[in-house]
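As structure tokens, the structure follows; a few thoughts come after it.
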4 protein chains.
Amino acid sequence: MKTNGKAAANKKQKKDALLSTAFELFTLQGIQNTSIADIAERAGVAKGTFYLYFKDKYDIRNRLIARKASALFAEADAAVRREGVTGLEDQIIYIADFIIDRFTTDRVLLGFISKNLSWGIFKSQVLTYSEDEEIDMPGIIREAFAASHLRFKDPEVMLFMITELLSSTCYSAILYEEPLPIGDLKPYLYGSIRAIMRSMEVPDEA
Amino acid sequence: MKTNGKAAANKKQKKDALLSTAFELFTLQGIQNTSIADIAERAGVAKGTFYLYFKDKYDIRNRLIARKASALFAEADAAVRREGVTGLEDQIIYIADFIIDRFTTDRVLLGFISKNLSWGIFKSQVLTYSEDEEIDMPGIIREAFAASHLRFKDPEVMLFMITELLSSTCYSAILYEEPLPIGDLKPYLYGSIRAIMRSMEVPDEA
Amino acid sequence: MKTNGKAAANKKQKKDALLSTAFELFTLQGIQNTSIADIAERAGVAKGTFYLYFKDKYDIRNRLIARKASALFAEADAAVRREGVTGLEDQIIYIADFIIDRFTTDRVLLGFISKNLSWGIFKSQVLTYSEDEEIDMPGIIREAFAASHLRFKDPEVMLFMITELLSSTCYSAILYEEPLPIGDLKPYLYGSIRAIMRSMEVPDEA
Amino acid sequence: MKTNGKAAANKKQKKDALLSTAFELFTLQGIQNTSIADIAERAGVAKGTFYLYFKDKYDIRNRLIARKASALFAEADAAVRREGVTGLEDQIIYIADFIIDRFTTDRVLLGFISKNLSWGIFKSQVLTYSEDEEIDMPGIIREAFAASHLRFKDPEVMLFMITELLSSTCYSAILYEEPLPIGDLKPYLYGSIRAIMRSMEVPDEA
DNA sequence: TATGAATGAGGGTTCATTCAT
DNA sequence: CATGAATGAACCCTCATTCAT
């Protein structure tokens, strides 16, 4: 072992402090208006220390997005299981609804990750950022699709389109109530999601 | 006379020079990396002159987005008429295809406006920015819907969802070929668009 | 006549507009934070026009100080006459009190002229600035001293000292209540003024 | 150890360099005409370094005034002791004379602190600025008054008035010889100071 | 590993002044 | 006389990054 347990724990603690402080400041005052000095000071470490853990401000932002997006999906997934929702279509709607509700109550999270939701989940780069994450998003998805009797032409593409539709419309609806408040938009949105799924469904070969 | 013709023309010329230079630099090197000094210098005016016409960098960016988005839609609309495309669904698909093709060949435009496409077209603020624009987007849309025998639950919401789906998916597909190259994504995307439309269609009352 | 009446009146009007606007802005937001553009715009004239009447911001400020200081003294003098205050010492105390009361209710005036009170009244440069003023301060003072049976070693110096003492102490007392609120300072101040006068009094030779 | 000795000494040196350079430039060319860039460059540090030690130009000015005013008084006080001047009235006149003489030979100092002399000595804010100063002005004054058999109604107010009278009159007399050259003004001024003191004296209760 | 003083390029913005109209 | 668009020098201040300790 290269580093003993104590030192490693200390390192992890510093890194976590920087990450959570960065998230706090990014959402509180915007990324542009947050300096590395701000983050370091509030995290209780020296400015130079920041560079021991992250390349720059955008490095830490990307890691945060990946982290938060994964966590959000994991929560939604857990809720689906807990509630015993069955049927792939209903499961997906349930997840969408879960995410929208979370965004509605946590606009700070909405502003931070919604525009990068699918990136945070599907994009391959994410892997680079999630060495320390334990959530296997693609695996979970694959499982869910396998468990269903429904078959789709290209499940990943379908999910990508749904995710993009969900995140970009709810951003505008929640924050600006444009073109409708989120409550009014939901039926149309869920209708559209179901429509997309059905348009990509293929008969079960079994 | 408060402003004679010569001076007014001169002003318009300066403003246009600033706008087109800004677009050039924003797309060439990014907004963050473009300074007002850059814009002014390259436009051949003094730095202070910039502030006679625009509040700041984001003011000029917003005006540019509104301008470019309007122009793109106007072009697409003209093409629909020129080609004599009939049927609202086909018209919308045609416009989507037109826009995607344009984005595919002009990635610089894609990077600049795709994330703000629906904003550039629907949002009310736009009006503030388009004193000098002559395109009446909402009017054109209303007309097209009136001319069709199809009726929709909430046409504006439907268009908003389609626009968001289109712009956010094609950004990823064109620039990163994720989750598929744009050519492969198209059939799914158009299928989804048609599905959304049909899900929001209501029987013609006539 | 070089200028006809109408044009001359127009000029005077513009100049007055600039003067009063400048005073308003100087006192409202400070001289440093007031630009010539501000003054011109709010006065309803073009920026270039400012330079037809004044050399720069400090030119207009000096003219204003002279104007306001003269006017204040003239008012105090008129009040002395109206009230029929007799006796030079009492007259001077009355004037001091009048000025302090004015400063107390009009802190904006205090901030603007108190530090330049004696300059505004005695300094020779003033003459340059008061072509258009009609108040002959030195003349009024000379008269008052002649009318009194008291004689002083050097009346002008005495007045200068009193004016400086008055203006510099009341600035601090009124604005910051340091070292005492103006109400509490008054007895000491008037006592000191009387003490100074008596220390410079010489027996009447008559 | 958070800061080792070497680094601390280096810091103090930089701060002092900035302070003395600022004083030099402020007096040489005026505060308005001195930019922070000027100060930093001439002090041999980078522009950004200025902001490590001072908030802005007015921060450094205030600290300088407090510093210089304190030092001047301390010198005058030392001279009083050295010369063995006795009697509170004579001591104060001696200090006044010392200060005037210093101002006469050092007009640069006059221009810089005279208008803020009492502020520099009495105002409570000063304390904020003088963490690194060792002169306890209020303490020295209290002692001197206690040592005297004279008693005054309100010693601090008296000193405040004397200081204001002294500084505002000598500014005009030294720089512009208005209304009299300082040499000719002195007798009147000292006479006035003594008059003020006597007017505020109360019989010793002992 | 950790620090934090020092850097200095570079950004946005203001504004007195000019001058062609 | 009057205008106001244009100028461009100058300013303040921030901040990512380095490096000696």
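FYI, nothing fancy with the structure tokens labels: chains A, B, ... in order, residues from 1 per chain, ligands from 1 as they appear.
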* strand (DSSP E) residues, from DSSP on the backbone, in chain C, as a VMD selection string -> chain C and resid 151 to 152 201 to 202
Can I get the selected residues back with N, CA and C atoms, as a CSV table (one decimal), in the first residue's frame?
chain,number,residue,atom,x,y,z
C,151,ARG,N,-14.0,98.4,17.8
C,151,ARG,CA,-12.9,98.4,16.8
C,151,ARG,C,-12.0,97.2,17.1
C,152,PHE,N,-11.5,96.6,16.0
C,152,PHE,CA,-10.7,95.4,16.1
C,152,PHE,C,-9.3,95.6,15.4
C,201,GLU,N,-10.2,92.7,20.2
C,201,GLU,CA,-10.8,94.1,20.3
C,201,GLU,C,-9.8,95.1,20.8
C,202,VAL,N,-9.9,96.3,20.2
C,202,VAL,CA,-9.1,97.4,20.8
C,202,VAL,C,-10.0,98.5,21.2
* Mind checking DSSP for stretch 12-151 of chain D and telling me the helix (DSSP H, G or I) residues as a ChimeraX atom specification? -> /D:12-29,36-43,47-53,57-83,88-105,107-122,125-129,137-147
Limited to C-alpha atoms, could you put the picked residues into a file as a short mmCIF file (atom, residue, chain, number, x, y, z; two decimals), in the first residue's frame?
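Result file is part_6.cif:
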data_model
loop_
_atom_site.label_atom_id
_atom_site.label_comp_id
_atom_site.auth_asym_id
_atom_site.auth_seq_id
_atom_site.Cartn_x
_atom_site.Cartn_y
_atom_site.Cartn_z
CA LYS D 12 6.01 44.24 6.47
CA GLN D 13 8.63 45.50 4.07
CA LYS D 14 6.26 45.38 1.14
CA LYS D 15 3.52 47.12 3.06
CA ASP D 16 5.89 49.85 4.16
CA ALA D 17 7.18 50.29 0.66
CA LEU D 18 3.63 50.75 -0.56
CA LEU D 19 2.80 53.21 2.20
CA SER D 20 5.82 55.39 1.68
CA THR D 21 5.53 55.29 -2.08
CA ALA D 22 1.88 56.22 -1.87
CA PHE D 23 2.69 59.15 0.38
CA GLU D 24 5.37 60.29 -2.01
CA LEU D 25 3.09 60.17 -5.01
CA PHE D 26 0.01 61.55 -3.28
CA THR D 27 1.93 64.61 -2.18
CA LEU D 28 3.87 64.93 -5.40
CA GLN D 29 1.01 64.77 -7.84
CA ILE D 36 -2.68 52.27 -7.96
CA ALA D 37 -0.58 51.16 -10.86
CA ASP D 38 1.73 54.12 -10.20
CA ILE D 39 2.09 53.22 -6.56
CA ALA D 40 2.72 49.57 -7.16
CA GLU D 41 5.18 50.10 -9.96
CA ARG D 42 7.21 52.64 -8.04
CA ALA D 43 7.14 50.49 -4.93
CA LYS D 47 -0.26 45.68 -9.13
CA GLY D 48 -2.09 42.80 -7.58
CA THR D 49 0.14 42.93 -4.54
CA PHE D 50 -1.33 46.28 -3.62
CA TYR D 51 -4.65 44.60 -3.03
CA LEU D 52 -3.13 42.11 -0.65
CA TYR D 53 -2.47 44.95 1.75
CA LYS D 57 -6.60 54.09 -2.77
CA TYR D 58 -8.66 55.62 -0.01
CA ASP D 59 -7.81 52.90 2.41
CA ILE D 60 -4.12 53.56 2.03
CA ARG D 61 -4.73 57.30 2.24
CA ASN D 62 -6.60 56.99 5.51
CA ARG D 63 -3.93 54.83 7.03
CA LEU D 64 -1.33 57.34 5.93
CA ILE D 65 -3.19 60.25 7.44
CA ALA D 66 -3.60 58.47 10.75
CA ARG D 67 0.05 57.50 10.70
CA LYS D 68 1.38 60.92 9.82
CA ALA D 69 -0.90 62.81 12.17
CA SER D 70 0.02 60.56 15.05
CA ALA D 71 3.70 60.84 14.31
CA LEU D 72 3.49 64.61 14.13
CA PHE D 73 1.74 64.87 17.47
CA ALA D 74 4.13 62.44 19.02
CA GLU D 75 7.05 64.55 17.86
CA ALA D 76 5.46 67.71 19.19
CA ASP D 77 4.80 65.98 22.48
CA ALA D 78 8.39 64.81 22.68
CA ALA D 79 9.58 68.33 22.04
CA VAL D 80 7.41 69.68 24.81
CA ARG D 81 8.96 67.25 27.25
CA ARG D 82 12.47 67.81 25.99
CA GLU D 83 12.12 71.57 26.33
CA LEU D 88 -0.97 73.43 30.04
CA GLU D 89 -1.70 76.60 28.11
CA ASP D 90 1.93 77.08 27.18
CA GLN D 91 2.26 73.44 26.31
CA ILE D 92 -0.62 73.65 23.87
CA ILE D 93 0.71 76.82 22.29
CA TYR D 94 4.08 75.16 22.02
CA ILE D 95 2.56 72.18 20.25
CA ALA D 96 0.58 74.45 17.94
CA ASP D 97 3.72 76.34 17.12
CA PHE D 98 5.64 73.14 16.55
CA ILE D 99 3.01 71.91 14.16
CA ILE D 100 2.78 75.18 12.29
CA ASP D 101 6.54 75.30 11.90
CA ARG D 102 6.57 71.80 10.59
CA PHE D 103 3.78 72.59 8.15
CA THR D 104 5.60 75.71 7.04
CA THR D 105 8.73 73.82 6.13
CA ARG D 107 4.03 71.99 2.77
CA VAL D 108 3.60 68.61 1.34
CA LEU D 109 2.67 67.34 4.79
CA LEU D 110 0.44 70.36 5.26
CA GLY D 111 -1.46 69.62 2.07
CA PHE D 112 -1.77 66.02 3.00
CA ILE D 113 -2.93 65.99 6.59
CA SER D 114 -3.92 69.46 7.72
CA LYS D 115 -7.51 69.10 6.58
CA ASN D 116 -7.76 65.86 8.51
CA LEU D 117 -5.73 66.68 11.55
CA SER D 118 -8.39 66.32 14.16
CA TRP D 119 -9.86 63.36 12.38
CA GLY D 120 -6.44 61.77 12.41
CA ILE D 121 -6.15 62.23 16.12
CA PHE D 122 -9.55 61.98 17.73
CA GLN D 125 -12.19 55.00 13.40
CA VAL D 126 -8.55 55.75 13.68
CA LEU D 127 -8.17 52.87 16.01
CA THR D 128 -9.09 50.54 13.20
CA TYR D 129 -6.27 51.91 11.17
CA MET D 137 -2.90 59.79 21.50
CA PRO D 138 -5.96 59.95 23.76
CA GLY D 139 -3.87 58.56 26.58
CA ILE D 140 -1.16 61.18 26.21
CA ILE D 141 -3.73 63.95 26.19
CA ARG D 142 -5.56 62.64 29.22
CA GLU D 143 -2.30 62.50 31.13
CA ALA D 144 -1.35 66.04 30.25
CA PHE D 145 -4.70 67.34 31.40
CA ALA D 146 -4.52 65.36 34.60
CA ALA D 147 -1.07 66.71 35.35
#
* To do: Hey, list the chain F side of the contact with chain D: 10 Å cut-off, only C-alpha atoms (C1' of nucleotides), answer as JSON, numbers by chain.
  => {"F": [10, 11, 12, 13, 14, 15, 21]}
Store the residues picked out above in a file with N, CA and C atoms (P, O5', C5', C4', C3', O3' and C1' of nucleotides), as a PDB file, in the first residue's frame.
ATOM      1  P    DA F  10      -2.847  57.966 -21.019  1.00  0.00           P
ATOM      2  O5'  DA F  10      -3.725  57.439 -19.819  1.00  0.00           O
ATOM      3  C5'  DA F  10      -4.907  58.149 -19.529  1.00  0.00           C
ATOM      4  C4'  DA F  10      -5.687  57.429 -18.480  1.00  0.00           C
ATOM      5  C3'  DA F  10      -4.844  56.585 -17.515  1.00  0.00           C
ATOM      6  O3'  DA F  10      -5.069  57.057 -16.200  1.00  0.00           O
ATOM      7  C1'  DA F  10      -6.726  55.376 -18.331  1.00  0.00           C
ATOM      8  P    DC F  11      -4.298  56.537 -14.996  1.00  0.00           P
ATOM      9  O5'  DC F  11      -5.429  55.754 -14.229  1.00  0.00           O
ATOM     10  C5'  DC F  11      -6.759  56.323 -14.166  1.00  0.00           C
ATOM     11  C4'  DC F  11      -7.720  55.256 -13.733  1.00  0.00           C
ATOM     12  C3'  DC F  11      -7.090  54.264 -12.780  1.00  0.00           C
ATOM     13  O3'  DC F  11      -7.591  54.459 -11.474  1.00  0.00           O
ATOM     14  C1'  DC F  11      -8.393  53.157 -14.475  1.00  0.00           C
ATOM     15  P    DC F  12      -6.869  53.744 -10.317  1.00  0.00           P
ATOM     16  O5'  DC F  12      -7.977  52.642 -10.085  1.00  0.00           O
ATOM     17  C5'  DC F  12      -9.362  53.023 -10.061  1.00  0.00           C
ATOM     18  C4'  DC F  12     -10.193  51.763 -10.060  1.00  0.00           C
ATOM     19  C3'  DC F  12      -9.779  50.795  -8.968  1.00  0.00           C
ATOM     20  O3'  DC F  12     -10.964  50.298  -8.350  1.00  0.00           O
ATOM     21  C1'  DC F  12      -9.632  49.727 -11.084  1.00  0.00           C
ATOM     22  P    DC F  13     -10.824  49.604  -6.947  1.00  0.00           P
ATOM     23  O5'  DC F  13     -10.805  48.077  -7.408  1.00  0.00           O
ATOM     24  C5'  DC F  13     -11.839  47.658  -8.308  1.00  0.00           C
ATOM     25  C4'  DC F  13     -11.468  46.327  -8.887  1.00  0.00           C
ATOM     26  C3'  DC F  13     -10.961  45.319  -7.856  1.00  0.00           C
ATOM     27  O3'  DC F  13     -11.999  44.370  -7.702  1.00  0.00           O
ATOM     28  C1'  DC F  13      -9.715  45.243  -9.902  1.00  0.00           C
ATOM     29  P    DT F  14     -11.851  43.085  -6.836  1.00  0.00           P
ATOM     30  O5'  DT F  14     -11.611  41.943  -7.911  1.00  0.00           O
ATOM     31  C5'  DT F  14     -12.348  41.992  -9.120  1.00  0.00           C
ATOM     32  C4'  DT F  14     -11.940  40.835  -9.993  1.00  0.00           C
ATOM     33  C3'  DT F  14     -11.745  39.525  -9.232  1.00  0.00           C
ATOM     34  O3'  DT F  14     -12.329  38.506 -10.041  1.00  0.00           O
ATOM     35  C1'  DT F  14      -9.774  40.043 -10.417  1.00  0.00           C
ATOM     36  P    DC F  15     -12.755  37.151  -9.423  1.00  0.00           P
ATOM     37  O5'  DC F  15     -11.598  36.201  -9.944  1.00  0.00           O
ATOM     38  C5'  DC F  15     -11.071  36.466 -11.244  1.00  0.00           C
ATOM     39  C4'  DC F  15      -9.868  35.598 -11.462  1.00  0.00           C
ATOM     40  C3'  DC F  15      -9.743  34.441 -10.466  1.00  0.00           C
ATOM     41  O3'  DC F  15      -9.277  33.322 -11.170  1.00  0.00           O
ATOM     42  C1'  DC F  15      -7.787  35.740 -10.417  1.00  0.00           C
ATOM     43  P    DT F  21      13.027  30.489  -0.172  1.00  0.00           P
ATOM     44  O5'  DT F  21      12.084  29.778   0.871  1.00  0.00           O
ATOM     45  C5'  DT F  21      11.025  30.533   1.454  1.00  0.00           C
ATOM     46  C4'  DT F  21      10.136  29.609   2.220  1.00  0.00           C
ATOM     47  C3'  DT F  21      10.860  28.737   3.253  1.00  0.00           C
ATOM     48  O3'  DT F  21      10.497  29.170   4.550  1.00  0.00           O
ATOM     49  C1'  DT F  21       9.152  27.543   2.073  1.00  0.00           C
TER      50       DT F  21
END
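Near chain D, the residues of chain E that fall inside 8 Å (using only C-alpha atoms (C1' of nucleotides)) are DA6, DT7 and DG8 of chain E.
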* Do a neighbour search on A:Lys153 at 12 Å with only C-alpha atoms (C1' of nucleotides), toss out local chain neighbours closer than 5 positions, and write the hits as a ChimeraX atom specification. => /A:145,158-159,196-204 /B:185,187-188,191
* **Residue list for chain D near chain C as a ChimeraX atom specification, 7 Å, only C-alpha atoms** => /D:157,161,164-165,168-169,179,191-192,195-196,199
Keeping C-alpha atoms for every residue in the selection just given, could you write it to a file as a JSON list (two decimals), in the first residue's frame?
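Generated file (result_24.json):
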[["chain", "number", "residue", "atom", "x", "y", "z"],
["D", 157, "VAL", "CA", -14.20, 69.51, 22.76],
["D", 161, "MET", "CA", -11.99, 73.30, 18.38],
["D", 164, "GLU", "CA", -9.81, 72.67, 13.77],
["D", 165, "LEU", "CA", -9.04, 76.36, 14.11],
["D", 168, "SER", "CA", -7.93, 75.26, 8.77],
["D", 169, "THR", "CA", -6.44, 78.70, 9.25],
["D", 179, "PRO", "CA", -5.70, 86.53, 4.76],
["D", 191, "GLY", "CA", -4.31, 84.86, 21.08],
["D", 192, "SER", "CA", -7.47, 83.17, 19.89],
["D", 195, "ALA", "CA", -8.96, 83.03, 24.52],
["D", 196, "ILE", "CA", -10.79, 79.82, 23.75],
["D", 199, "SER", "CA", -13.41, 80.77, 27.99]]
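Atom CA of D:Leu175 to atom CA of D:Gly30 spans 15.3 Å [interatomic distance, one decimal].
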